[in-house]
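Everything below concerns the one structure shown next.
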Amino acid sequence: MKQNEFGPIPGSTILGGISGKKTIIMAANIRIATVAQGIFKAAKDSDSAVFMELARSECDLSGGLYRVHPKDIFRTDEQSCKGGGV
């Protein structure tokens with residue numbers, strides 16, 4: 001993946017890259033754009049990978065629990081990523 005290219009990457013690709021290494025995996029709720037921006041900045045500063053998971057119960061094609069479409073979450077995360085200097 002090229003720098004500043006955004007899009008889904010299979011989790012197996014990232015997990016394969018960290019397999020056998022001492023790592024920390026953090027879970028965080030990224031529905032708040034400023035939280036996501038901070039996570040992206042911290043990941044960039046520490047040269048770390050970031051997983052963005054969408055739970056089916058929280059958002060789906062009909063809006064889900066929070067009435068948010070997955071594309072809207074992707075756009076928010078993409079903007080947060082760019083705002084974090086990534």
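How things are named: the first chain in the structure tokens is A, the next is B, and so on; residues count from 1 in each chain; ligands count from 1 in the order shown.
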Please extract the residues of chain A with a backbone DSSP assignment of alpha helix (DSSP H) and present them as a count of residues only. 35
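Here the question is which of A:Val68, A:Cys81, A:Cys59, A:Ile25 gets nearest to Gly38 in chain A using only C-alpha atoms, and that residue is A:Cys81.
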Test item: residues at most 9 Å from Ile39 in chain A, only C-alpha atoms, excluding those fewer than 5 positions along its chain, as a list in words: Ala28, Ile30, Thr34, Lys44, Val50, Cys81 and Gly84 of chain A
What separates CA of Gly17 in chain A and CA of Asp45 in chain A is a distance of 18.6 Å
Calculated over only C-alpha atoms, which of the candidates A:Leu65, A:Gln79, A:Met52, A:Phe40 has the smallest distance to Ala27 in chain A?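 Answer, going by the shortest atom-to-atom distance: A:Met52.
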Leaving out Ser80 in chain A and any residue of its chain fewer than 2 positions from it, which residues lie within 8 Å of it when counting only C-alpha atoms, given as a ChimeraX atom specification? /A:33-34,36-37,40,76-78,82-84
Deliver the residues from the most recent selection as a file, using N, CA and C atoms, as a JSON list (two decimals), in the first residue's frame.
```json
[["chain", "number", "residue", "atom", "x", "y", "z"],
["A", 33, "ALA", "N", -14.64, 11.72, 16.00],
["A", 33, "ALA", "CA", -13.58, 12.05, 15.04],
["A", 33, "ALA", "C", -12.28, 12.48, 15.72],
["A", 34, "THR", "N", -12.35, 13.26, 16.80],
["A", 34, "THR", "CA", -11.12, 13.72, 17.44],
["A", 34, "THR", "C", -10.36, 12.57, 18.11],
["A", 36, "ALA", "N", -10.39, 9.45, 16.91],
["A", 36, "ALA", "CA", -9.77, 8.78, 15.77],
["A", 36, "ALA", "C", -8.53, 9.55, 15.31],
["A", 37, "GLN", "N", -8.62, 10.86, 15.26],
["A", 37, "GLN", "CA", -7.48, 11.68, 14.84],
["A", 37, "GLN", "C", -6.28, 11.46, 15.76],
["A", 40, "PHE", "N", -4.75, 8.02, 15.04],
["A", 40, "PHE", "CA", -3.96, 8.02, 13.81],
["A", 40, "PHE", "C", -2.62, 8.73, 14.02],
["A", 76, "THR", "N", -15.39, 9.74, 7.72],
["A", 76, "THR", "CA", -14.96, 10.42, 8.95],
["A", 76, "THR", "C", -13.55, 9.97, 9.33],
["A", 77, "ASP", "N", -13.31, 8.66, 9.28],
["A", 77, "ASP", "CA", -11.98, 8.15, 9.62],
["A", 77, "ASP", "C", -10.92, 8.63, 8.64],
["A", 78, "GLU", "N", -11.27, 8.66, 7.37],
["A", 78, "GLU", "CA", -10.33, 9.12, 6.35],
["A", 78, "GLU", "C", -9.94, 10.58, 6.62],
["A", 82, "LYS", "N", -6.22, 12.09, 7.77],
["A", 82, "LYS", "CA", -5.55, 13.21, 7.10],
["A", 82, "LYS", "C", -5.32, 14.34, 8.09],
["A", 83, "GLY", "N", -6.27, 14.58, 8.99],
["A", 83, "GLY", "CA", -6.12, 15.62, 10.01],
["A", 83, "GLY", "C", -5.05, 15.29, 11.03],
["A", 84, "GLY", "N", -4.77, 14.00, 11.20],
["A", 84, "GLY", "CA", -3.71, 13.57, 12.12],
["A", 84, "GLY", "C", -2.34, 13.64, 11.48]]
```
Nearest to Glu53 in chain A: which of A:Tyr66, A:Lys71, A:Asn29, A:Lys41 is it, counting only C-alpha atoms?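 Of A:Tyr66, A:Lys71, A:Asn29, A:Lys41, the one nearest Glu53 in chain A is A:Asn29, counting only C-alpha atoms.
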